[in-house]
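Coordinates from run-v2.cif are shown below (mmCIF, C-alpha atoms and all ligand atoms).
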data_protein
loop_
_atom_site.label_atom_id
_atom_site.label_comp_id
_atom_site.auth_asym_id
_atom_site.auth_seq_id
_atom_site.Cartn_x
_atom_site.Cartn_y
_atom_site.Cartn_z
CA MET A 1 133.97 -56.25 -21.64
CA ASP A 2 136.60 -53.66 -22.61
CA HIS A 3 137.28 -50.11 -23.77
CA PHE A 4 138.77 -51.05 -27.16
CA ILE A 5 136.16 -49.78 -29.57
CA TYR A 6 135.94 -49.33 -33.34
CA ARG A 7 134.82 -45.79 -34.15
CA ASP A 8 134.85 -44.09 -37.57
CA GLY A 9 136.62 -47.08 -39.09
CA GLN A 10 139.44 -47.29 -36.62
CA LEU A 11 140.28 -48.89 -33.31
CA TYR A 12 140.34 -46.69 -30.23
CA CYS A 13 141.61 -47.47 -26.77
CA GLU A 14 139.29 -45.33 -24.65
CA GLN A 15 139.53 -41.90 -26.38
CA VAL A 16 142.80 -42.50 -28.22
CA PRO A 17 143.18 -43.95 -31.73
CA VAL A 18 145.52 -46.94 -31.46
CA GLU A 19 147.27 -45.85 -34.67
CA ASP A 20 148.20 -42.50 -33.07
CA ILE A 21 150.00 -44.34 -30.30
CA VAL A 22 151.93 -46.76 -32.48
CA ARG A 23 152.90 -44.00 -34.87
CA GLN A 24 154.93 -42.65 -31.95
CA VAL A 25 156.09 -45.79 -30.16
CA GLY A 26 156.29 -48.36 -32.96
CA THR A 27 155.30 -52.02 -32.92
CA PRO A 28 154.96 -54.51 -31.37
CA ALA A 29 153.26 -52.62 -28.54
CA TYR A 30 151.15 -53.67 -25.59
CA ILE A 31 148.39 -51.14 -24.97
CA TYR A 32 146.35 -51.25 -21.76
CA SER A 33 143.12 -49.46 -20.89
CA LEU A 34 143.03 -48.14 -17.34
CA ALA A 35 139.23 -47.92 -17.37
CA THR A 36 138.95 -51.60 -18.33
CA LEU A 37 141.33 -52.62 -15.59
CA GLN A 38 139.40 -50.63 -12.99
CA THR A 39 136.01 -51.83 -14.24
CA HIS A 40 136.96 -55.50 -13.96
CA TYR A 41 138.39 -54.95 -10.48
CA GLN A 42 135.26 -53.08 -9.36
CA ARG A 43 132.94 -55.73 -10.75
CA ILE A 44 134.63 -58.40 -8.67
CA ALA A 45 134.71 -56.14 -5.60
CA GLU A 46 131.00 -55.35 -5.93
CA ALA A 47 129.91 -58.91 -6.68
CA PHE A 48 131.72 -60.27 -3.62
CA ALA A 49 130.97 -57.25 -1.39
CA PRO A 50 128.73 -59.25 1.00
CA LEU A 51 131.86 -61.18 2.04
CA HIS A 52 134.01 -58.02 2.53
CA PRO A 53 136.86 -59.86 0.82
CA LEU A 54 140.47 -58.84 0.51
CA ILE A 55 141.18 -58.93 -3.22
CA CYS A 56 144.80 -59.81 -3.89
CA TYR A 57 145.42 -59.17 -7.58
CA SER A 58 147.66 -61.86 -9.04
CA VAL A 59 150.84 -60.06 -10.06
CA LYS A 60 151.95 -62.84 -12.40
CA SER A 61 149.17 -62.07 -14.88
CA CYS A 62 150.46 -58.56 -15.64
CA GLY A 63 152.95 -57.09 -13.21
CA ASN A 64 153.89 -53.71 -14.67
CA LEU A 65 154.42 -51.20 -11.87
CA ALA A 66 151.85 -48.76 -13.29
CA ILE A 67 149.23 -51.53 -13.47
CA LEU A 68 149.97 -52.58 -9.88
CA ALA A 69 149.86 -48.98 -8.67
CA ALA A 70 146.49 -48.46 -10.39
CA LEU A 71 145.05 -51.52 -8.67
CA ARG A 72 146.57 -50.57 -5.33
CA ALA A 73 144.72 -47.26 -5.68
CA CYS A 74 141.50 -49.30 -6.08
CA GLY A 75 142.27 -50.95 -2.71
CA SER A 76 143.80 -54.14 -4.04
CA GLY A 77 146.29 -56.33 -2.24
CA PHE A 78 148.58 -58.67 -4.17
CA ASP A 79 149.20 -62.37 -4.73
CA VAL A 80 152.92 -62.88 -5.37
CA VAL A 81 154.82 -66.00 -6.29
CA SER A 82 158.47 -64.99 -6.12
CA GLY A 83 160.86 -62.56 -4.49
CA GLY A 84 160.74 -60.59 -7.74
CA GLU A 85 156.97 -60.22 -7.61
CA LEU A 86 157.20 -59.22 -3.94
CA PHE A 87 159.71 -56.56 -4.99
CA ARG A 88 157.39 -55.34 -7.75
CA ALA A 89 154.37 -55.18 -5.44
CA ARG A 90 156.29 -53.27 -2.79
CA ARG A 91 157.78 -50.89 -5.34
CA ALA A 92 154.22 -50.18 -6.50
CA GLY A 93 153.39 -49.13 -2.94
CA ALA A 94 151.54 -52.24 -1.78
CA ASP A 95 150.47 -52.52 1.83
CA PRO A 96 152.58 -55.56 2.93
CA SER A 97 149.79 -56.82 5.17
CA LYS A 98 147.70 -57.23 2.00
CA ILE A 99 150.26 -59.50 0.30
CA VAL A 100 149.94 -63.28 0.06
CA PHE A 101 152.93 -65.32 -1.06
CA ALA A 102 152.30 -68.61 -2.91
CA GLY A 103 154.58 -71.03 -4.74
CA VAL A 104 155.87 -74.57 -4.23
CA GLY A 105 159.57 -73.70 -4.07
CA LYS A 106 160.07 -70.54 -2.02
CA THR A 107 163.79 -70.10 -1.28
CA ASP A 108 165.24 -68.98 2.04
CA PRO A 109 166.19 -65.52 0.72
CA GLU A 110 162.66 -65.08 -0.66
CA ILE A 111 161.11 -66.14 2.65
CA ASN A 112 163.45 -63.87 4.61
CA ASP A 113 162.55 -60.90 2.41
CA ALA A 114 158.85 -61.59 2.92
CA LEU A 115 159.32 -61.94 6.69
CA ASP A 116 161.21 -58.64 6.76
CA ALA A 117 158.43 -56.99 4.76
CA GLY A 118 155.78 -58.30 7.17
CA ILE A 119 153.50 -59.79 4.53
CA GLY A 120 149.96 -60.94 5.36
CA TRP A 121 150.14 -64.67 4.67
CA PHE A 122 152.49 -67.32 3.36
CA ASN A 123 150.53 -69.85 1.33
CA ILE A 124 152.23 -73.08 2.33
CA GLU A 125 152.51 -75.87 -0.20
CA SER A 126 154.28 -78.66 1.74
CA GLU A 127 155.22 -79.89 5.22
CA GLU A 128 158.89 -79.19 4.58
CA GLU A 129 158.16 -75.64 3.52
CA PHE A 130 156.09 -75.00 6.66
CA TRP A 131 158.83 -76.12 9.05
CA ASN A 132 161.42 -74.21 7.07
CA LEU A 133 159.31 -71.06 7.47
CA GLU A 134 159.01 -71.76 11.20
CA ARG A 135 162.80 -72.12 11.43
CA LEU A 136 163.46 -68.87 9.54
CA ALA A 137 160.85 -66.91 11.51
CA ALA A 138 162.31 -68.22 14.79
CA GLN A 139 165.80 -67.18 13.67
CA LYS A 140 164.52 -63.63 13.21
CA SER A 141 162.30 -63.79 16.32
CA VAL A 142 159.28 -62.69 14.28
CA HIS A 143 155.77 -64.09 14.11
CA THR A 144 153.83 -64.64 10.93
CA ARG A 145 150.63 -66.16 9.57
CA ALA A 146 150.22 -68.90 7.03
CA ALA A 147 147.54 -70.59 4.97
CA LEU A 148 147.79 -74.22 3.99
CA ARG A 149 147.26 -74.63 0.27
CA VAL A 150 144.98 -77.61 0.10
CA ASN A 151 144.72 -79.61 -3.09
CA PRO A 152 141.00 -80.44 -3.12
CA ASP A 153 141.19 -82.94 -5.99
CA VAL A 154 138.56 -81.30 -8.18
CA THR A 155 138.66 -81.08 -11.91
CA SER A 156 137.52 -78.42 -14.35
CA HIS A 157 136.52 -79.04 -17.94
CA GLY A 158 137.86 -76.61 -20.51
CA THR A 159 140.97 -75.74 -18.51
CA HIS A 160 144.22 -76.58 -20.27
CA VAL A 161 146.08 -79.44 -18.59
CA LYS A 162 149.11 -77.17 -18.16
CA THR A 163 147.13 -74.73 -16.00
CA LEU A 164 144.97 -77.17 -14.02
CA THR A 165 146.20 -77.18 -10.43
CA GLY A 166 143.44 -78.51 -8.16
CA LYS A 167 143.73 -82.16 -9.12
CA LYS A 168 145.59 -84.83 -7.18
CA ASP A 169 148.99 -85.67 -8.67
CA THR A 170 149.76 -82.05 -9.54
CA LYS A 171 152.66 -80.44 -7.68
CA PHE A 172 150.43 -77.93 -5.91
CA GLY A 173 149.40 -77.81 -2.29
CA VAL A 174 148.88 -80.68 0.12
CA ASP A 175 146.40 -83.46 -0.60
CA ILE A 176 143.16 -82.78 1.20
CA ASP A 177 143.25 -86.18 2.93
CA ARG A 178 146.61 -85.27 4.50
CA ALA A 179 145.64 -81.71 5.44
CA GLU A 180 143.91 -82.44 8.77
CA GLU A 181 146.99 -84.05 10.30
CA PHE A 182 149.11 -81.26 8.85
CA TYR A 183 147.12 -78.62 10.77
CA VAL A 184 147.30 -80.71 13.95
CA GLN A 185 151.09 -80.98 13.75
CA ALA A 186 151.53 -77.35 12.72
CA ALA A 187 149.78 -76.23 15.91
CA ALA A 188 153.07 -77.01 17.68
CA ALA A 189 154.87 -74.23 15.79
CA THR A 190 155.73 -71.20 17.89
CA HIS A 191 156.43 -68.53 15.24
CA VAL A 192 154.00 -69.39 12.43
CA ARG A 193 150.27 -69.47 13.00
CA LEU A 194 148.63 -71.82 10.48
CA ASN A 195 145.10 -70.49 10.76
CA ALA A 196 144.13 -70.07 7.12
CA LEU A 197 143.30 -72.30 4.17
CA HIS A 198 144.23 -71.61 0.57
CA LEU A 199 142.76 -73.04 -2.62
CA HIS A 200 143.71 -72.33 -6.21
CA ILE A 201 142.21 -74.88 -8.55
CA GLY A 202 143.44 -73.67 -11.92
CA SER A 203 143.13 -71.01 -14.57
CA PRO A 204 140.83 -70.28 -16.27
CA ILE A 205 137.92 -72.05 -14.55
CA LYS A 206 135.03 -71.41 -16.90
CA THR A 207 132.22 -72.73 -14.69
CA VAL A 208 131.38 -72.16 -11.04
CA GLN A 209 130.93 -75.81 -10.07
CA PRO A 210 134.64 -76.56 -9.44
CA TYR A 211 134.71 -73.65 -6.95
CA VAL A 212 131.57 -74.95 -5.25
CA ASP A 213 133.10 -78.43 -5.01
CA ALA A 214 136.45 -77.20 -3.71
CA ILE A 215 135.01 -74.75 -1.19
CA GLY A 216 132.56 -77.40 0.02
CA LYS A 217 135.44 -79.79 0.72
CA ALA A 218 137.44 -77.01 2.41
CA LEU A 219 134.54 -76.06 4.70
CA GLN A 220 134.12 -79.70 5.78
CA LEU A 221 137.81 -79.81 6.62
CA ILE A 222 137.57 -76.56 8.60
CA GLN A 223 134.61 -78.05 10.51
CA ARG A 224 136.51 -81.23 11.34
CA LEU A 225 139.46 -79.14 12.53
CA ARG A 226 137.16 -77.07 14.75
CA GLN A 227 135.99 -80.28 16.41
CA ARG A 228 139.62 -81.04 17.19
CA GLY A 229 140.13 -77.58 18.68
CA ILE A 230 141.97 -76.08 15.70
CA ARG A 231 140.64 -72.78 14.46
CA VAL A 232 140.91 -71.71 10.83
CA ASP A 233 139.67 -68.13 10.51
CA THR A 234 140.58 -67.26 6.89
CA ILE A 235 139.90 -68.86 3.53
CA ASP A 236 141.68 -67.78 0.34
CA ILE A 237 139.80 -69.15 -2.66
CA GLY A 238 142.56 -68.30 -5.15
CA GLY A 239 142.12 -66.99 -8.67
CA GLY A 240 141.07 -68.54 -11.94
CA PHE A 241 137.95 -66.59 -12.92
CA ALA A 242 137.73 -66.65 -16.71
CA ALA A 243 138.07 -63.71 -19.12
CA PHE A 244 136.66 -62.96 -22.56
CA TYR A 245 138.63 -64.30 -25.50
CA GLU A 246 135.98 -65.44 -27.97
CA GLY A 247 133.18 -63.16 -26.85
CA ASN A 248 130.88 -63.94 -24.00
CA GLU A 249 132.20 -67.32 -22.97
CA ALA A 250 133.27 -66.31 -19.46
CA PRO A 251 130.85 -66.14 -16.54
CA HIS A 252 130.67 -62.60 -15.18
CA ALA A 253 131.93 -61.92 -11.66
CA GLU A 254 128.30 -61.84 -10.45
CA VAL A 255 127.78 -65.41 -11.66
CA TYR A 256 130.76 -66.73 -9.69
CA ALA A 257 129.66 -64.66 -6.70
CA ALA A 258 126.06 -65.92 -6.83
CA ALA A 259 127.32 -69.45 -6.20
CA ILE A 260 130.25 -68.68 -3.90
CA VAL A 261 128.90 -65.93 -1.60
CA PRO A 262 126.14 -68.08 -0.02
CA LEU A 263 128.67 -70.81 0.79
CA LEU A 264 130.91 -68.45 2.76
CA GLN A 265 128.55 -65.73 3.98
CA ASN A 266 127.69 -67.08 7.41
CA THR A 267 130.87 -68.93 8.18
CA GLY A 268 132.59 -66.04 9.97
CA LEU A 269 135.64 -66.67 7.81
CA LYS A 270 137.72 -63.82 6.42
CA VAL A 271 137.76 -64.28 2.64
CA LEU A 272 140.61 -63.63 0.20
CA LEU A 273 140.45 -63.74 -3.61
CA GLU A 274 143.40 -63.85 -6.02
CA PRO A 275 142.05 -62.83 -9.44
CA GLY A 276 144.57 -62.07 -12.17
CA ARG A 277 143.27 -62.79 -15.67
CA SER A 278 139.71 -61.66 -14.95
CA ILE A 279 141.11 -58.19 -14.18
CA SER A 280 143.99 -57.76 -16.63
CA CYS A 281 143.19 -59.94 -19.66
CA ASN A 282 140.63 -57.77 -21.43
CA ALA A 283 142.47 -54.60 -20.40
CA GLY A 284 145.30 -55.21 -22.89
CA ILE A 285 145.93 -55.66 -26.60
CA LEU A 286 149.10 -56.40 -28.52
CA VAL A 287 149.49 -54.33 -31.67
CA SER A 288 151.64 -55.62 -34.49
CA ARG A 289 152.42 -54.56 -38.03
CA VAL A 290 152.14 -56.79 -41.08
CA GLN A 291 155.60 -57.23 -42.59
CA TYR A 292 154.92 -59.55 -45.49
CA VAL A 293 152.15 -61.65 -46.96
CA LYS A 294 153.07 -64.89 -48.65
CA GLN A 295 151.70 -68.15 -49.93
CA GLY A 296 153.25 -71.39 -48.62
CA GLY A 297 151.75 -74.49 -50.17
CA ARG A 298 148.01 -74.19 -49.65
CA ARG A 299 148.38 -71.76 -46.75
CA LYS A 300 148.48 -67.99 -46.83
CA PHE A 301 150.77 -66.51 -44.20
CA ILE A 302 150.42 -63.05 -42.71
CA ILE A 303 153.87 -62.39 -41.25
CA VAL A 304 153.77 -59.79 -38.50
CA ASP A 305 156.46 -58.11 -36.38
CA ALA A 306 155.30 -59.62 -33.08
CA ALA A 307 156.19 -63.21 -32.31
CA MET A 308 155.83 -66.03 -29.82
CA ASN A 309 158.40 -64.29 -27.61
CA ASP A 310 155.86 -61.45 -27.22
CA LEU A 311 152.75 -63.59 -26.74
CA ILE A 312 153.35 -67.28 -26.21
CA ARG A 313 149.79 -68.35 -25.30
CA PRO A 314 148.60 -69.46 -28.77
CA THR A 315 151.44 -71.89 -29.26
CA LEU A 316 151.79 -72.96 -25.61
CA TYR A 317 148.11 -73.60 -24.85
CA GLU A 318 146.52 -73.44 -28.31
CA SER A 319 144.65 -70.47 -26.90
CA TYR A 320 142.44 -68.28 -29.05
CA HIS A 321 143.10 -64.56 -29.35
CA PHE A 322 140.76 -62.52 -31.49
CA ILE A 323 142.74 -60.64 -34.17
CA TRP A 324 141.46 -57.78 -36.30
CA PRO A 325 142.97 -54.86 -38.25
CA THR A 326 143.05 -51.52 -36.46
CA ALA A 327 141.63 -49.84 -39.59
CA PRO A 328 139.36 -52.51 -41.04
CA THR A 329 137.21 -52.44 -44.15
CA HIS A 330 134.39 -53.99 -42.11
CA LEU A 331 133.73 -54.46 -38.44
CA PRO A 332 133.82 -57.71 -36.51
CA ALA A 333 130.30 -58.81 -35.67
CA SER A 334 131.71 -61.36 -33.27
CA ARG A 335 135.11 -62.44 -32.07
CA LEU A 336 134.83 -65.90 -33.54
CA SER A 337 136.53 -66.74 -36.79
CA THR A 338 133.65 -66.66 -39.24
CA LEU A 339 133.34 -65.36 -42.78
CA ARG A 340 132.08 -61.78 -42.48
CA SER A 341 132.59 -60.65 -46.05
CA PRO A 342 133.11 -62.54 -49.33
CA ASP A 343 136.52 -60.86 -49.47
CA ASP A 344 137.72 -62.41 -46.21
CA GLU A 345 140.57 -64.88 -46.53
CA LEU A 346 141.61 -67.92 -44.55
CA VAL A 347 145.09 -67.15 -43.24
CA ASP A 348 147.71 -68.03 -40.66
CA VAL A 349 149.05 -65.12 -38.63
CA VAL A 350 152.68 -65.85 -37.81
CA GLY A 351 155.76 -64.18 -36.37
CA PRO A 352 159.36 -64.03 -37.62
CA ILE A 353 160.84 -66.52 -35.11
CA CYS A 354 162.57 -69.62 -36.46
CA GLU A 355 160.00 -72.19 -35.30
CA SER A 356 156.85 -73.46 -36.97
CA GLY A 357 155.21 -73.00 -33.58
CA ASP A 358 155.58 -69.25 -33.90
CA TYR A 359 151.97 -68.46 -34.73
CA PHE A 360 149.12 -66.40 -33.30
CA ALA A 361 146.33 -67.94 -35.35
CA GLN A 362 145.88 -70.73 -37.86
CA ASP A 363 143.05 -70.96 -40.38
CA ARG A 364 141.63 -67.61 -39.35
CA HIS A 365 139.16 -65.57 -41.42
CA LEU A 366 140.54 -62.06 -41.83
CA PRO A 367 139.99 -59.22 -44.30
CA PRO A 368 142.64 -58.99 -47.02
CA LEU A 369 145.86 -57.64 -45.50
CA ARG A 370 148.83 -55.85 -46.95
CA ARG A 371 152.32 -55.00 -45.84
CA GLY A 372 152.13 -52.11 -43.38
CA ASP A 373 148.66 -52.87 -42.00
CA LEU A 374 148.26 -52.92 -38.24
CA LEU A 375 146.67 -55.84 -36.42
CA ALA A 376 145.35 -55.87 -32.87
CA LEU A 377 145.55 -59.10 -30.87
CA PHE A 378 142.88 -58.81 -28.21
CA SER A 379 142.61 -60.20 -24.67
CA ALA A 380 146.38 -60.02 -24.33
CA GLY A 381 146.61 -58.15 -21.02
CA ALA A 382 147.05 -61.28 -18.91
CA TYR A 383 150.00 -63.62 -19.37
CA GLY A 384 150.98 -61.61 -22.46
CA PHE A 385 153.87 -59.29 -21.70
CA ALA A 386 154.29 -61.15 -18.40
CA MET A 387 155.35 -64.31 -20.26
CA SER A 388 157.39 -62.57 -22.93
CA SER A 389 161.06 -63.26 -23.48
CA GLN A 390 163.98 -62.11 -25.58
CA TYR A 391 164.11 -65.32 -27.63
CA ASN A 392 165.84 -64.84 -30.99
CA ALA A 393 167.41 -61.73 -29.40
CA ARG A 394 164.21 -59.79 -29.78
CA PRO A 395 163.95 -56.80 -27.44
CA ARG A 396 160.74 -56.94 -25.41
CA ALA A 397 157.83 -54.74 -26.55
CA VAL A 398 156.90 -51.32 -25.24
CA GLU A 399 153.96 -51.08 -22.80
CA ILE A 400 151.48 -48.19 -22.91
CA LEU A 401 148.74 -47.22 -20.47
CA VAL A 402 145.77 -45.24 -21.76
CA ASP A 403 143.63 -43.16 -19.42
CA GLY A 404 140.77 -41.41 -21.23
CA SER A 405 142.36 -39.19 -23.85
CA ASN A 406 145.84 -39.44 -22.29
CA TRP A 407 148.42 -42.13 -22.70
CA ARG A 408 151.95 -42.78 -21.53
CA ILE A 409 154.75 -45.28 -21.84
CA ILE A 410 154.80 -47.47 -18.73
CA ARG A 411 157.71 -49.60 -19.93
CA LYS A 412 160.17 -48.59 -22.60
CA ARG A 413 160.79 -50.84 -25.55
CA GLU A 414 163.99 -52.73 -24.82
CA SER A 415 167.08 -51.80 -26.78
CA HIS A 416 169.84 -53.98 -28.21
CA GLU A 417 171.97 -52.87 -25.26
CA ASP A 418 169.29 -54.29 -22.94
CA LEU A 419 169.74 -57.66 -24.67
CA ILE A 420 173.36 -57.98 -23.58
CA ARG A 421 173.09 -56.30 -20.16
CA GLY A 422 175.28 -58.18 -17.69
CA GLU A 423 177.10 -60.14 -20.38
CA GLU A 424 180.06 -57.83 -20.85
N1 LIG B 501 146.65 -67.64 -7.43
C1 LIG B 501 147.55 -68.60 -7.70
C2 LIG B 501 148.14 -69.35 -6.59
C3 LIG B 501 147.92 -68.86 -9.03
O1 LIG B 501 148.82 -69.81 -9.27
C4 LIG B 501 147.33 -68.12 -10.08
C5 LIG B 501 147.70 -68.39 -11.48
C6 LIG B 501 146.41 -67.12 -9.75
C7 LIG B 501 146.08 -66.91 -8.42
C8 LIG B 501 145.76 -66.24 -10.78
O2 LIG B 501 144.96 -66.95 -11.68
P1 LIG B 501 144.06 -66.13 -12.71
O3 LIG B 501 143.01 -65.39 -11.92
O4 LIG B 501 144.92 -65.21 -13.46
O5 LIG B 501 143.46 -67.15 -13.59
N2 LIG B 501 149.95 -68.72 -18.11
C9 LIG B 501 148.61 -69.26 -18.07
C10 LIG B 501 147.92 -69.09 -16.75
C11 LIG B 501 148.70 -69.62 -15.57
C12 LIG B 501 148.08 -69.31 -14.25
C13 LIG B 501 149.02 -69.59 -13.13
N3 LIG B 501 148.51 -69.30 -11.84
C14 LIG B 501 147.81 -68.65 -19.23
O6 LIG B 501 148.36 -67.84 -19.97
O7 LIG B 501 146.65 -68.99 -19.42
#
Can you present the structure in this file as structure tokens?
Amino acid sequence: MDHFIYRDGQLYCEQVPVEDIVRQVGTPAYIYSLATLQTHYQRIAEAFAPLHPLICYSVKSCGNLAILAALRACGSGFDVVSGGELFRARRAGADPSKIVFAGVGKTDPEINDALDAGIGWFNIESEEEFWNLERLAAQKSVHTRAALRVNPDVTSHGTHVKTLTGKKDTKFGVDIDRAEEFYVQAAAATHVRLNALHLHIGSPIKTVQPYVDAIGKALQLIQRLRQRGIRVDTIDIGGGFAAFYEGNEAPHAEVYAAAIVPLLQNTGLKVLLEPGRSISCNAGILVSRVQYVKQGGRRKFIIVDAAMNDLIRPTLYESYHFIWPTAPTHLPASRLSTLRSPDDELVDVVGPICESGDYFAQDRHLPPLRRGDLLALFSAGAYGFAMSSQYNARPRAVEILVDGSNWRIIRKRESHEDLIRGEE
């Protein structure tokens, strides 16, 4: 699952004690394991190998340049959702023909940048957007390819309502019952070839059935289009594969592949995947130091120096992140919150921000903690730093990449000057 391992009573990232790193860079700190990142990428690549897919890592999950460069070196393309992500991917050396650009509200400058870069596909989310792309491509006298993002109207249990995207009445894509006519009309375009189909049904999707349902509907649509003389040669099945937060709750890449590969294997379609979380989530932890311990009513609060501005997922989605000291008195048998020792206490782990919603865990069993102890928040590589902000004028955390027994800063901790940049 990852390369964060307890050895001799302390937490290591690969070969490096986490405490050694934070002694030098301070807290809060995001620490990523290169080996974990590569392993998760390779597992997906191997599981889907019969389809020879183009894997386009989803930049939004963790877009640090060093992370992108490491995945590019593995052969990855990129799924981007803004001009900024396109900039990041290109700066990390991405092959533009391996970039797909999604998003319901692409602006003209963003589209023009992507046309200039010569990206692989625009993932189109509405009729208006398609004809706007045609207009802009014609203005530049360039030709490009596009996929229609189809909303297949499938649901997925266990996915938070805020991250479910494949259901009718969400803002994403074009309803599947409107898609056929869309392709027919788009065939009249002269600068954009709409010969691909894009799906992204949500994140995380913890079972394979929603993919089977969505791909089944997409293949029927492609068949109907073929009968009308319209050829779709590429299918992008999006991202959404789950990661490990509580332990073994996520299907492995092979389990998704076992259901998906047979559906697509003999279709002749080129296949794209857009995994984000399943690659980056388990590759990162957030390390924070206990500032104070206090009792408030019946609750015991562990106040740490990271906050919701550093990792917003617990309060935004009620998501579970396993938390454990970096130098614990006893080891975690599992990632679930269970009593492991009679000494364990039921606590809330909270940050210093002025909102009651600023918490990482509520009613969590943890060993007794004291001021100065270090805590690791696991499975924080995806949508962790990427969703962080400067709320309460808190400089964003430092990011570290570990490779075996070496480590380096891949993003400096922000300074107070960074907080006011552009204001004076
Ligand atoms: N492709 C598209 C078009 C997407 O919108 C997304 C994620 C992905 C791929 C990658 O999905 P992944 O493989 O990472 O599940 N902030 C939320 C997750 C939002 C996902 C948004 N779209 C969270 O922290 O859980």
Worksheet item: Once you count all atoms listed in the file, which residues end up within 7 Å of ligand LIG 501 (chain B), and could you hand them over as a count of residues only?
Response: 23
Task: Who sits within 9 Å of A:Gly118, all atoms listed in the file, same chain under 4 positions skipped, as a ChimeraX atom specification - done: /A:96-97,99,113-114,144
re atom CA of A:Cys281 and atom CA of A:Ala243: distance 6.4 Å
Worksheet entry | Neighbour list for A:Ala29 as a VMD selection string, cut-off 7 Å, all atoms listed in the file, skip fewer than 4 positions in-chain | chain A and resid 286 to 288 397 to 399
* For a cut-off of 12 Å around (151.4, -56.6, -40.1), file coordinates, pick out all residues using only C-alpha atoms and list them as an MDAnalysis selection string. => chainID A and resid 26:28 286:293 301:307 323:327 349:352 368:377
Output for the residues just chosen: C-alpha atoms as a PDB file, in the frame of the given file:
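Saved to result_4.pdb:
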ATOM      1  CA  GLY A  26     156.290 -48.360 -32.960  1.00  0.00           C
ATOM      2  CA  THR A  27     155.300 -52.020 -32.920  1.00  0.00           C
ATOM      3  CA  PRO A  28     154.960 -54.510 -31.370  1.00  0.00           C
ATOM      4  CA  LEU A 286     149.100 -56.400 -28.520  1.00  0.00           C
ATOM      5  CA  VAL A 287     149.490 -54.330 -31.670  1.00  0.00           C
ATOM      6  CA  SER A 288     151.640 -55.620 -34.490  1.00  0.00           C
ATOM      7  CA  ARG A 289     152.420 -54.560 -38.030  1.00  0.00           C
ATOM      8  CA  VAL A 290     152.140 -56.790 -41.080  1.00  0.00           C
ATOM      9  CA  GLN A 291     155.600 -57.230 -42.590  1.00  0.00           C
ATOM     10  CA  TYR A 292     154.920 -59.550 -45.490  1.00  0.00           C
ATOM     11  CA  VAL A 293     152.150 -61.650 -46.960  1.00  0.00           C
ATOM     12  CA  PHE A 301     150.770 -66.510 -44.200  1.00  0.00           C
ATOM     13  CA  ILE A 302     150.420 -63.050 -42.710  1.00  0.00           C
ATOM     14  CA  ILE A 303     153.870 -62.390 -41.250  1.00  0.00           C
ATOM     15  CA  VAL A 304     153.770 -59.790 -38.500  1.00  0.00           C
ATOM     16  CA  ASP A 305     156.460 -58.110 -36.380  1.00  0.00           C
ATOM     17  CA  ALA A 306     155.300 -59.620 -33.080  1.00  0.00           C
ATOM     18  CA  ALA A 307     156.190 -63.210 -32.310  1.00  0.00           C
ATOM     19  CA  ILE A 323     142.740 -60.640 -34.170  1.00  0.00           C
ATOM     20  CA  TRP A 324     141.460 -57.780 -36.300  1.00  0.00           C
ATOM     21  CA  PRO A 325     142.970 -54.860 -38.250  1.00  0.00           C
ATOM     22  CA  THR A 326     143.050 -51.520 -36.460  1.00  0.00           C
ATOM     23  CA  ALA A 327     141.630 -49.840 -39.590  1.00  0.00           C
ATOM     24  CA  VAL A 349     149.050 -65.120 -38.630  1.00  0.00           C
ATOM     25  CA  VAL A 350     152.680 -65.850 -37.810  1.00  0.00           C
ATOM     26  CA  GLY A 351     155.760 -64.180 -36.370  1.00  0.00           C
ATOM     27  CA  PRO A 352     159.360 -64.030 -37.620  1.00  0.00           C
ATOM     28  CA  PRO A 368     142.640 -58.990 -47.020  1.00  0.00           C
ATOM     29  CA  LEU A 369     145.860 -57.640 -45.500  1.00  0.00           C
ATOM     30  CA  ARG A 370     148.830 -55.850 -46.950  1.00  0.00           C
ATOM     31  CA  ARG A 371     152.320 -55.000 -45.840  1.00  0.00           C
ATOM     32  CA  GLY A 372     152.130 -52.110 -43.380  1.00  0.00           C
ATOM     33  CA  ASP A 373     148.660 -52.870 -42.000  1.00  0.00           C
ATOM     34  CA  LEU A 374     148.260 -52.920 -38.240  1.00  0.00           C
ATOM     35  CA  LEU A 375     146.670 -55.840 -36.420  1.00  0.00           C
ATOM     36  CA  ALA A 376     145.350 -55.870 -32.870  1.00  0.00           C
ATOM     37  CA  LEU A 377     145.550 -59.100 -30.870  1.00  0.00           C
TER      38      LEU A 377
END
task: Fewer than 5 positions away in the same chain doesn't count, so skip those; otherwise give me all residues within 12 Å of A:Ala333, counting all atoms listed in the file, as a PyMOL selection string.
output: chain A and resi 6+246-247+322+324+338-341
Mind dumping the selected residues with C-alpha atoms as a PDB file, keeping the file's coordinate frame?
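Generated file (part.pdb):
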ATOM      1  CA  TYR A   6     135.940 -49.330 -33.340  1.00  0.00           C
ATOM      2  CA  GLU A 246     135.980 -65.440 -27.970  1.00  0.00           C
ATOM      3  CA  GLY A 247     133.180 -63.160 -26.850  1.00  0.00           C
ATOM      4  CA  PHE A 322     140.760 -62.520 -31.490  1.00  0.00           C
ATOM      5  CA  TRP A 324     141.460 -57.780 -36.300  1.00  0.00           C
ATOM      6  CA  THR A 338     133.650 -66.660 -39.240  1.00  0.00           C
ATOM      7  CA  LEU A 339     133.340 -65.360 -42.780  1.00  0.00           C
ATOM      8  CA  ARG A 340     132.080 -61.780 -42.480  1.00  0.00           C
ATOM      9  CA  SER A 341     132.590 -60.650 -46.050  1.00  0.00           C
TER      10      SER A 341
END
